[in-house]
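Raw start-v4.cif, mmCIF, N, CA and C atoms and all ligand atoms:
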```
data_start
#
loop_
_atom_site.group_PDB
_atom_site.id
_atom_site.type_symbol
_atom_site.label_atom_id
_atom_site.label_comp_id
_atom_site.auth_asym_id
_atom_site.auth_seq_id
_atom_site.Cartn_x
_atom_site.Cartn_y
_atom_site.Cartn_z
ATOM 1 N N MET F 15 -6.186 -21.812 -13.309
ATOM 2 C CA MET F 15 -5.969 -20.629 -14.145
ATOM 3 C C MET F 15 -6.360 -19.375 -13.386
ATOM 4 N N GLU F 16 -5.534 -18.368 -13.499
ATOM 5 C CA GLU F 16 -5.808 -17.099 -12.835
ATOM 6 C C GLU F 16 -6.865 -16.311 -13.604
ATOM 7 N N THR F 17 -7.782 -15.722 -12.876
ATOM 8 C CA THR F 17 -8.768 -14.893 -13.557
ATOM 9 C C THR F 17 -8.151 -13.540 -13.876
ATOM 10 N N GLU F 18 -8.774 -12.817 -14.750
ATOM 11 C CA GLU F 18 -8.278 -11.501 -15.146
ATOM 12 C C GLU F 18 -8.259 -10.548 -13.953
ATOM 13 N N ALA F 19 -9.285 -10.627 -13.097
ATOM 14 C CA ALA F 19 -9.386 -9.734 -11.934
ATOM 15 C C ALA F 19 -8.225 -9.978 -10.975
ATOM 16 N N GLU F 20 -7.897 -11.239 -10.727
ATOM 17 C CA GLU F 20 -6.797 -11.562 -9.817
ATOM 18 C C GLU F 20 -5.474 -11.044 -10.355
ATOM 19 N N THR F 21 -5.275 -11.174 -11.646
ATOM 20 C CA THR F 21 -4.037 -10.702 -12.262
ATOM 21 C C THR F 21 -3.906 -9.199 -12.087
ATOM 22 N N ALA F 22 -4.970 -8.465 -12.357
ATOM 23 C CA ALA F 22 -4.944 -7.005 -12.251
ATOM 24 C C ALA F 22 -4.663 -6.572 -10.819
ATOM 25 N N ALA F 23 -5.275 -7.272 -9.854
ATOM 26 C CA ALA F 23 -5.104 -6.913 -8.444
ATOM 27 C C ALA F 23 -3.662 -7.105 -8.010
ATOM 28 N N THR F 24 -3.015 -8.145 -8.501
ATOM 29 C CA THR F 24 -1.637 -8.407 -8.105
ATOM 30 C C THR F 24 -0.684 -7.391 -8.732
ATOM 31 N N GLN F 25 -0.941 -7.039 -9.957
ATOM 32 C CA GLN F 25 -0.016 -6.163 -10.667
ATOM 33 C C GLN F 25 -0.117 -4.716 -10.209
ATOM 34 N N SER F 26 -1.307 -4.251 -9.993
ATOM 35 C CA SER F 26 -1.489 -2.845 -9.670
ATOM 36 C C SER F 26 -2.807 -2.677 -8.922
ATOM 37 N N PRO F 27 -2.716 -2.482 -7.613
ATOM 38 C CA PRO F 27 -3.942 -2.468 -6.822
ATOM 39 C C PRO F 27 -4.835 -1.268 -7.125
ATOM 40 N N VAL F 28 -6.118 -1.459 -7.024
ATOM 41 C CA VAL F 28 -7.064 -0.358 -7.129
ATOM 42 C C VAL F 28 -6.785 0.586 -5.965
ATOM 43 N N VAL F 29 -6.928 1.849 -6.175
ATOM 44 C CA VAL F 29 -6.600 2.864 -5.161
ATOM 45 C C VAL F 29 -7.280 2.576 -3.829
ATOM 46 N N ASP F 30 -6.444 2.393 -2.807
ATOM 47 C CA ASP F 30 -6.932 2.112 -1.472
ATOM 48 C C ASP F 30 -5.745 2.137 -0.541
ATOM 49 N N PRO F 31 -5.677 3.001 0.444
ATOM 50 C CA PRO F 31 -6.783 3.863 0.850
ATOM 51 C C PRO F 31 -6.655 5.291 0.351
ATOM 52 N N GLN F 32 -5.552 5.635 -0.365
ATOM 53 C CA GLN F 32 -5.315 7.052 -0.648
ATOM 54 C C GLN F 32 -5.321 7.382 -2.129
ATOM 55 N N ARG F 33 -5.855 8.541 -2.444
ATOM 56 C CA ARG F 33 -5.764 9.071 -3.795
ATOM 57 C C ARG F 33 -4.716 10.156 -3.853
ATOM 58 N N GLU F 34 -4.266 10.573 -2.664
ATOM 59 C CA GLU F 34 -3.321 11.674 -2.584
ATOM 60 C C GLU F 34 -2.368 11.378 -1.435
ATOM 61 N N CYS F 35 -1.086 11.663 -1.627
ATOM 62 C CA CYS F 35 -0.130 11.451 -0.551
ATOM 63 C C CYS F 35 -0.406 12.443 0.575
ATOM 64 N N PRO F 36 -0.468 11.963 1.843
ATOM 65 C CA PRO F 36 -0.761 12.853 2.962
ATOM 66 C C PRO F 36 0.390 13.830 3.240
ATOM 67 N N HIS F 37 1.562 13.528 2.696
ATOM 68 C CA HIS F 37 2.731 14.379 2.955
ATOM 69 C C HIS F 37 2.999 15.362 1.816
ATOM 70 N N CYS F 38 3.228 14.854 0.608
ATOM 71 C CA CYS F 38 3.601 15.741 -0.508
ATOM 72 C C CYS F 38 2.413 16.071 -1.403
ATOM 73 N N HIS F 39 1.260 15.452 -1.112
ATOM 74 C CA HIS F 39 0.013 15.694 -1.845
ATOM 75 C C HIS F 39 0.100 15.354 -3.324
ATOM 76 N N ALA F 40 1.035 14.473 -3.659
ATOM 77 C CA ALA F 40 1.116 14.001 -5.043
ATOM 78 C C ALA F 40 -0.161 13.241 -5.377
ATOM 79 N N ASN F 41 -0.597 13.356 -6.599
ATOM 80 C CA ASN F 41 -1.745 12.578 -7.052
ATOM 81 C C ASN F 41 -1.293 11.134 -7.289
ATOM 82 N N LEU F 42 -1.912 10.201 -6.579
ATOM 83 C CA LEU F 42 -1.473 8.808 -6.640
ATOM 84 C C LEU F 42 -2.333 7.959 -7.557
ATOM 85 N N ALA F 43 -3.418 8.539 -8.033
ATOM 86 C CA ALA F 43 -4.351 7.755 -8.838
ATOM 87 C C ALA F 43 -4.129 7.983 -10.327
ATOM 88 N N TYR F 44 -4.309 6.932 -11.091
ATOM 89 C CA TYR F 44 -4.326 7.089 -12.548
ATOM 90 C C TYR F 44 -5.313 6.087 -13.125
ATOM 91 N N GLU F 45 -5.806 6.371 -14.286
ATOM 92 C CA GLU F 45 -6.847 5.540 -14.874
ATOM 93 C C GLU F 45 -6.358 4.853 -16.140
ATOM 94 N N VAL F 46 -6.755 3.605 -16.265
ATOM 95 C CA VAL F 46 -6.511 2.853 -17.484
ATOM 96 C C VAL F 46 -7.816 2.152 -17.838
ATOM 97 N N ASP F 47 -8.329 2.449 -19.001
ATOM 98 C CA ASP F 47 -9.575 1.830 -19.464
ATOM 99 C C ASP F 47 -10.685 1.941 -18.427
ATOM 100 N N GLY F 48 -10.807 3.104 -17.799
ATOM 101 C CA GLY F 48 -11.899 3.335 -16.851
ATOM 102 C C GLY F 48 -11.677 2.737 -15.470
ATOM 103 N N GLN F 49 -10.535 2.049 -15.280
ATOM 104 C CA GLN F 49 -10.205 1.481 -13.974
ATOM 105 C C GLN F 49 -9.225 2.414 -13.266
ATOM 106 N N THR F 50 -9.405 2.600 -11.966
ATOM 107 C CA THR F 50 -8.483 3.446 -11.222
ATOM 108 C C THR F 50 -7.401 2.597 -10.570
ATOM 109 N N TYR F 51 -6.171 2.997 -10.757
ATOM 110 C CA TYR F 51 -5.034 2.299 -10.157
ATOM 111 C C TYR F 51 -4.248 3.266 -9.286
ATOM 112 N N SER F 52 -3.362 2.709 -8.484
ATOM 113 C CA SER F 52 -2.576 3.534 -7.582
ATOM 114 C C SER F 52 -1.103 3.456 -7.918
ATOM 115 N N ARG F 53 -0.422 4.589 -7.763
ATOM 116 C CA ARG F 53 1.034 4.626 -7.938
ATOM 117 C C ARG F 53 1.748 4.232 -6.660
ATOM 118 N N LEU F 54 1.004 4.058 -5.559
ATOM 119 C CA LEU F 54 1.627 3.667 -4.296
ATOM 120 C C LEU F 54 2.401 2.362 -4.454
ATOM 121 N N ILE F 55 3.501 2.268 -3.739
ATOM 122 C CA ILE F 55 4.307 1.053 -3.767
ATOM 123 C C ILE F 55 3.932 0.210 -2.555
ATOM 124 N N GLY F 56 3.512 -1.012 -2.789
ATOM 125 C CA GLY F 56 3.165 -1.914 -1.695
ATOM 126 C C GLY F 56 4.420 -2.543 -1.122
ATOM 127 N N VAL F 57 4.570 -2.482 0.206
ATOM 128 C CA VAL F 57 5.769 -3.027 0.842
ATOM 129 C C VAL F 57 5.392 -4.220 1.705
ATOM 130 N N GLU F 58 6.068 -5.346 1.443
ATOM 131 C CA GLU F 58 5.894 -6.560 2.251
ATOM 132 C C GLU F 58 7.082 -6.688 3.178
ATOM 133 N N TYR F 59 6.840 -7.099 4.410
ATOM 134 C CA TYR F 59 7.956 -7.315 5.337
ATOM 135 C C TYR F 59 8.510 -8.723 5.128
ATOM 136 N N PRO F 60 9.827 -8.853 5.283
ATOM 137 C CA PRO F 60 10.462 -10.154 5.030
ATOM 138 C C PRO F 60 10.148 -11.191 6.116
ATOM 139 N N TYR F 61 10.372 -12.446 5.786
ATOM 140 C CA TYR F 61 10.217 -13.524 6.764
ATOM 141 C C TYR F 61 11.098 -13.228 7.968
ATOM 142 N N GLY F 62 10.562 -13.474 9.162
ATOM 143 C CA GLY F 62 11.334 -13.232 10.373
ATOM 144 C C GLY F 62 11.085 -11.854 10.954
ATOM 145 N N HIS F 63 10.501 -10.959 10.167
ATOM 146 C CA HIS F 63 10.152 -9.625 10.679
ATOM 147 C C HIS F 63 9.031 -9.776 11.695
ATOM 148 N N LYS F 64 9.082 -8.991 12.776
ATOM 149 C CA LYS F 64 8.099 -9.144 13.852
ATOM 150 C C LYS F 64 6.671 -8.858 13.374
ATOM 151 N N ASP F 65 6.540 -8.043 12.334
ATOM 152 C CA ASP F 65 5.213 -7.708 11.820
ATOM 153 C C ASP F 65 4.943 -8.358 10.461
ATOM 154 N N ARG F 66 5.670 -9.447 10.192
ATOM 155 C CA ARG F 66 5.518 -10.151 8.924
ATOM 156 C C ARG F 66 4.053 -10.488 8.643
ATOM 157 N N TYR F 67 3.623 -10.164 7.435
ATOM 158 C CA TYR F 67 2.282 -10.526 6.971
ATOM 159 C C TYR F 67 2.442 -10.981 5.533
ATOM 160 N N ASP F 68 1.678 -11.975 5.133
ATOM 161 C CA ASP F 68 1.812 -12.511 3.790
ATOM 162 C C ASP F 68 1.074 -11.615 2.795
ATOM 163 N N GLY F 69 1.623 -10.451 2.597
ATOM 164 C CA GLY F 69 1.011 -9.475 1.696
ATOM 165 C C GLY F 69 1.523 -8.096 2.047
ATOM 166 N N VAL F 70 0.894 -7.094 1.478
ATOM 167 C CA VAL F 70 1.341 -5.715 1.702
ATOM 168 C C VAL F 70 1.012 -5.273 3.127
ATOM 169 N N SER F 71 1.989 -4.682 3.826
ATOM 170 C CA SER F 71 1.777 -4.148 5.168
ATOM 171 C C SER F 71 1.763 -2.621 5.170
ATOM 172 N N GLU F 72 2.498 -2.051 4.244
ATOM 173 C CA GLU F 72 2.525 -0.586 4.203
ATOM 174 C C GLU F 72 2.609 -0.098 2.759
ATOM 175 N N TRP F 73 2.166 1.131 2.572
ATOM 176 C CA TRP F 73 2.213 1.772 1.257
ATOM 177 C C TRP F 73 3.260 2.860 1.287
ATOM 178 N N ARG F 74 4.010 2.963 0.224
ATOM 179 C CA ARG F 74 5.058 3.981 0.154
ATOM 180 C C ARG F 74 4.777 4.918 -1.021
ATOM 181 N N CYS F 75 4.891 6.209 -0.752
ATOM 182 C CA CYS F 75 4.694 7.191 -1.815
ATOM 183 C C CYS F 75 5.891 7.142 -2.760
ATOM 184 N N PRO F 76 5.646 7.006 -4.071
ATOM 185 C CA PRO F 76 6.759 6.918 -5.024
ATOM 186 C C PRO F 76 7.510 8.232 -5.169
ATOM 187 N N ASP F 77 6.919 9.326 -4.723
ATOM 188 C CA ASP F 77 7.556 10.633 -4.892
ATOM 189 C C ASP F 77 8.385 11.053 -3.683
ATOM 190 N N CYS F 78 7.806 10.944 -2.470
ATOM 191 C CA CYS F 78 8.514 11.442 -1.284
ATOM 192 C C CYS F 78 8.898 10.336 -0.310
ATOM 193 N N GLY F 79 8.408 9.108 -0.521
ATOM 194 C CA GLY F 79 8.803 7.993 0.334
ATOM 195 C C GLY F 79 8.013 7.875 1.623
ATOM 196 N N THR F 80 7.020 8.751 1.837
ATOM 197 C CA THR F 80 6.194 8.661 3.041
ATOM 198 C C THR F 80 5.506 7.304 3.099
ATOM 199 N N ARG F 81 5.571 6.671 4.288
ATOM 200 C CA ARG F 81 5.001 5.338 4.458
ATOM 201 C C ARG F 81 3.709 5.413 5.268
ATOM 202 N N THR F 82 2.717 4.678 4.814
ATOM 203 C CA THR F 82 1.418 4.678 5.474
ATOM 204 C C THR F 82 1.013 3.244 5.765
ATOM 205 N N GLY F 83 0.497 2.997 6.971
ATOM 206 C CA GLY F 83 0.084 1.654 7.341
ATOM 207 C C GLY F 83 -1.112 1.198 6.520
ATOM 208 N N ARG F 84 -1.088 -0.045 6.078
ATOM 209 C CA ARG F 84 -2.154 -0.575 5.239
ATOM 210 C C ARG F 84 -3.496 -0.575 5.947
ATOM 211 N N TRP F 85 -3.502 -0.978 7.215
ATOM 212 C CA TRP F 85 -4.778 -1.091 7.939
ATOM 213 C C TRP F 85 -5.080 0.144 8.770
ATOM 214 N N SER F 86 -4.023 0.696 9.406
ATOM 215 C CA SER F 86 -4.253 1.843 10.287
ATOM 216 C C SER F 86 -4.463 3.127 9.500
ATOM 217 N N GLY F 87 -3.864 3.198 8.289
ATOM 218 C CA GLY F 87 -3.958 4.413 7.498
ATOM 219 C C GLY F 87 -3.097 5.536 8.051
ATOM 220 N N ARG F 88 -2.319 5.227 9.106
ATOM 221 C CA ARG F 88 -1.469 6.242 9.727
ATOM 222 C C ARG F 88 -0.157 6.392 8.977
ATOM 223 N N VAL F 89 0.397 7.589 9.028
ATOM 224 C CA VAL F 89 1.745 7.795 8.513
ATOM 225 C C VAL F 89 2.706 7.183 9.527
ATOM 226 N N LEU F 90 3.604 6.338 9.054
ATOM 227 C CA LEU F 90 4.535 5.637 9.938
ATOM 228 C C LEU F 90 5.808 6.453 10.119
ATOM 229 N N ALA F 91 6.242 6.556 11.366
ATOM 230 C CA ALA F 91 7.473 7.294 11.674
ATOM 231 C C ALA F 91 8.682 6.454 11.280
ATOM 232 N N ASP F 92 9.861 7.082 11.276
ATOM 233 C CA ASP F 92 11.093 6.349 10.975
ATOM 234 C C ASP F 92 11.242 5.171 11.919
ATOM 235 N N GLY F 93 11.482 3.987 11.391
ATOM 236 C CA GLY F 93 11.689 2.803 12.216
ATOM 237 C C GLY F 93 10.403 2.134 12.658
ATOM 238 N N GLU F 94 9.282 2.812 12.495
ATOM 239 C CA GLU F 94 7.995 2.240 12.893
ATOM 240 C C GLU F 94 7.473 1.346 11.767
ATOM 241 N N THR F 95 6.844 0.227 12.140
ATOM 242 C CA THR F 95 6.248 -0.634 11.133
ATOM 243 C C THR F 95 4.783 -0.879 11.475
ATOM 244 N N GLU F 96 4.054 -1.364 10.508
ATOM 245 C CA GLU F 96 2.616 -1.573 10.655
ATOM 246 C C GLU F 96 2.359 -2.986 11.189
ATOM 247 N N PRO F 97 1.747 -3.100 12.408
ATOM 248 C CA PRO F 97 1.435 -4.444 12.898
ATOM 249 C C PRO F 97 0.384 -5.114 12.010
ATOM 250 N N ARG F 98 0.380 -6.440 12.011
ATOM 251 C CA ARG F 98 -0.643 -7.162 11.240
ATOM 252 C C ARG F 98 -2.031 -6.675 11.605
ATOM 253 N N TRP F 99 -2.848 -6.446 10.615
ATOM 254 C CA TRP F 99 -4.220 -5.971 10.793
ATOM 255 C C TRP F 99 -4.256 -4.649 11.563
ATOM 256 N N GLY F 100 -3.169 -3.893 11.534
ATOM 257 C CA GLY F 100 -3.122 -2.606 12.210
ATOM 258 C C GLY F 100 -3.105 -2.738 13.723
ATOM 259 N N GLY F 101 -2.764 -3.947 14.235
ATOM 260 C CA GLY F 101 -2.680 -4.171 15.664
ATOM 261 C C GLY F 101 -3.931 -4.846 16.220
ATOM 262 N N ARG F 102 -4.989 -4.906 15.411
ATOM 263 C CA ARG F 102 -6.201 -5.614 15.844
ATOM 264 C C ARG F 102 -6.020 -7.088 15.538
ATOM 265 N N GLN F 103 -6.425 -7.935 16.438
ATOM 266 C CA GLN F 103 -6.247 -9.378 16.183
ATOM 267 C C GLN F 103 -7.539 -10.028 15.749
HETATM 268 ZN ZN ZN J 201 4.377 11.745 -1.077
#
```
Starting from the file, give its structure as structure tokens.
Amino acid sequence: METEAETAATQSPVVDPQRECPHCHANLAYEVDGQTYSRLIGVEYPYGHKDRYDGVSEWRCPDCGTRTGRWSGRVLADGETEPRWGGRQ
């Protein structure tokens, strides 16, 4: 049986790492019952992708589409992807 915490984490991650988009400065945080959640969209790379990771690799701003690496925290350029663990092995 899934615990309540696991369910919440899968559905809507707690804000990490950003509360504000580095590009459009949109507010990405919102609160429900005292818990902070993020509007960021988690992006997983498909099987066969060179940077495939079994989970979120990058965050996408729902307003402007700016992509940020999950581990590096860097804004990713067009065509650039986030290596697993931000390139650290
Ligand atoms: Zn944005």
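Closest approach to ligand ZN 201 (chain J) from the set F:Asp47, F:Glu58, F:Glu72, F:Asp77 is made by F:Asp77, with distances taken over all atoms listed in the file.
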Self-check item: Contacts of Trp73 (chain F) within 9 Å, only C-alpha atoms, excl. fewer than 5 positions in-chain, as a list of chain:residue names
Solution: F:Leu54, F:Ile55, F:Gly56, F:Val57, F:Thr80, F:Arg81, F:Thr82, F:Gly83, F:Arg84
Quiz item: Residues at most 6 Å from ligand ZN 201 (chain J), using all atoms listed in the file? Could they come as a list in words?
Solution: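 Going residue by residue within 6 Å of ligand ZN 201 (chain J), we get Cys35, Pro36, His37, Cys38, His39, Ala40, Cys75, Pro76, Asp77, Cys78, Gly79 and Thr80 of chain F.
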Save out the residues we just selected, N, CA and C atoms, as a PDB file, in the coordinates of the input.
```pdb
ATOM      1  N   CYS F  35      -1.086  11.663  -1.627  1.00  0.00           N
ATOM      2  CA  CYS F  35      -0.130  11.451  -0.551  1.00  0.00           C
ATOM      3  C   CYS F  35      -0.406  12.443   0.575  1.00  0.00           C
ATOM      4  N   PRO F  36      -0.468  11.963   1.843  1.00  0.00           N
ATOM      5  CA  PRO F  36      -0.761  12.853   2.962  1.00  0.00           C
ATOM      6  C   PRO F  36       0.390  13.830   3.240  1.00  0.00           C
ATOM      7  N   HIS F  37       1.562  13.528   2.696  1.00  0.00           N
ATOM      8  CA  HIS F  37       2.731  14.379   2.955  1.00  0.00           C
ATOM      9  C   HIS F  37       2.999  15.362   1.816  1.00  0.00           C
ATOM     10  N   CYS F  38       3.228  14.854   0.608  1.00  0.00           N
ATOM     11  CA  CYS F  38       3.601  15.741  -0.508  1.00  0.00           C
ATOM     12  C   CYS F  38       2.413  16.071  -1.403  1.00  0.00           C
ATOM     13  N   HIS F  39       1.260  15.452  -1.112  1.00  0.00           N
ATOM     14  CA  HIS F  39       0.013  15.694  -1.845  1.00  0.00           C
ATOM     15  C   HIS F  39       0.100  15.354  -3.324  1.00  0.00           C
ATOM     16  N   ALA F  40       1.035  14.473  -3.659  1.00  0.00           N
ATOM     17  CA  ALA F  40       1.116  14.001  -5.043  1.00  0.00           C
ATOM     18  C   ALA F  40      -0.161  13.241  -5.377  1.00  0.00           C
ATOM     19  N   CYS F  75       4.891   6.209  -0.752  1.00  0.00           N
ATOM     20  CA  CYS F  75       4.694   7.191  -1.815  1.00  0.00           C
ATOM     21  C   CYS F  75       5.891   7.142  -2.760  1.00  0.00           C
ATOM     22  N   PRO F  76       5.646   7.006  -4.071  1.00  0.00           N
ATOM     23  CA  PRO F  76       6.759   6.918  -5.024  1.00  0.00           C
ATOM     24  C   PRO F  76       7.510   8.232  -5.169  1.00  0.00           C
ATOM     25  N   ASP F  77       6.919   9.326  -4.723  1.00  0.00           N
ATOM     26  CA  ASP F  77       7.556  10.633  -4.892  1.00  0.00           C
ATOM     27  C   ASP F  77       8.385  11.053  -3.683  1.00  0.00           C
ATOM     28  N   CYS F  78       7.806  10.944  -2.470  1.00  0.00           N
ATOM     29  CA  CYS F  78       8.514  11.442  -1.284  1.00  0.00           C
ATOM     30  C   CYS F  78       8.898  10.336  -0.310  1.00  0.00           C
ATOM     31  N   GLY F  79       8.408   9.108  -0.521  1.00  0.00           N
ATOM     32  CA  GLY F  79       8.803   7.993   0.334  1.00  0.00           C
ATOM     33  C   GLY F  79       8.013   7.875   1.623  1.00  0.00           C
ATOM     34  N   THR F  80       7.020   8.751   1.837  1.00  0.00           N
ATOM     35  CA  THR F  80       6.194   8.661   3.041  1.00  0.00           C
ATOM     36  C   THR F  80       5.506   7.304   3.099  1.00  0.00           C
TER      37      THR F  80
END
```
Quiz item: Any chance you could work out the residue set of the PyMOL selection byres (((chain F and resi 33 and name CA) around 10) and not hetatm and name CA) here, as a list of chain:residue names?
Solution: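 On this input, the PyMOL selection byres (((chain F and resi 33 and name CA) around 10) and not hetatm and name CA) captures F:Val29, F:Asp30, F:Pro31, F:Gln32, F:Glu34, F:Cys35, F:Pro36, F:His39, F:Ala40, F:Asn41, F:Leu42, F:Ala43, F:Tyr44, F:Thr50, F:Tyr51, F:Ser52, F:Arg53, F:Leu54.
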Quiz item: Which distance in Å separates atom C of Tyr59 (chain F) and atom N of Ala91 (chain F), to one decimal?
Solution: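 According to the coordinates, atom C of Tyr59 (chain F) and atom N of Ala91 (chain F) are separated by 16.7 Å.
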Quiz prompt | Point-to-point distance in Å for CA of Asp65 (chain F) and CA of Thr95 (chain F) | solution = 7.2 Å
Quiz prompt | Residue contacts of Trp99 (chain F) (8 Å, all atoms listed in the file) excluding same-chain residues fewer than 4 positions away, as a PyMOL selection string | solution = chain F and resi 67+71+84-86+103
Self-check item: Length of the atom C of Lys64 (chain F) to atom C of Gly93 (chain F) vector [Å]
Solution: 11.6 Å
Export of region 47-63 of chain F: C-alpha atoms, as an mmCIF file, in the first residue's frame:
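Now in out37.cif:
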```
data_model
loop_
_atom_site.group_PDB
_atom_site.id
_atom_site.type_symbol
_atom_site.label_atom_id
_atom_site.label_comp_id
_atom_site.auth_asym_id
_atom_site.auth_seq_id
_atom_site.Cartn_x
_atom_site.Cartn_y
_atom_site.Cartn_z
ATOM 1 C CA ASP F 47 -3.318 22.859 3.488
ATOM 2 C CA GLY F 48 -0.026 24.402 4.617
ATOM 3 C CA GLN F 49 2.032 22.316 2.168
ATOM 4 C CA THR F 50 4.026 24.041 -0.561
ATOM 5 C CA TYR F 51 3.780 22.621 -4.063
ATOM 6 C CA SER F 52 5.335 23.576 -7.359
ATOM 7 C CA ARG F 53 3.740 24.438 -10.685
ATOM 8 C CA LEU F 54 6.919 23.284 -12.448
ATOM 9 C CA ILE F 55 6.419 20.477 -14.929
ATOM 10 C CA GLY F 56 8.712 17.506 -14.364
ATOM 11 C CA VAL F 57 10.140 16.113 -17.599
ATOM 12 C CA GLU F 58 11.354 12.522 -17.938
ATOM 13 C CA TYR F 59 13.496 11.498 -20.890
ATOM 14 C CA PRO F 60 12.272 8.513 -22.897
ATOM 15 C CA TYR F 61 13.923 5.096 -23.018
ATOM 16 C CA GLY F 62 16.905 5.156 -25.354
ATOM 17 C CA HIS F 63 17.672 8.817 -24.640
#
```
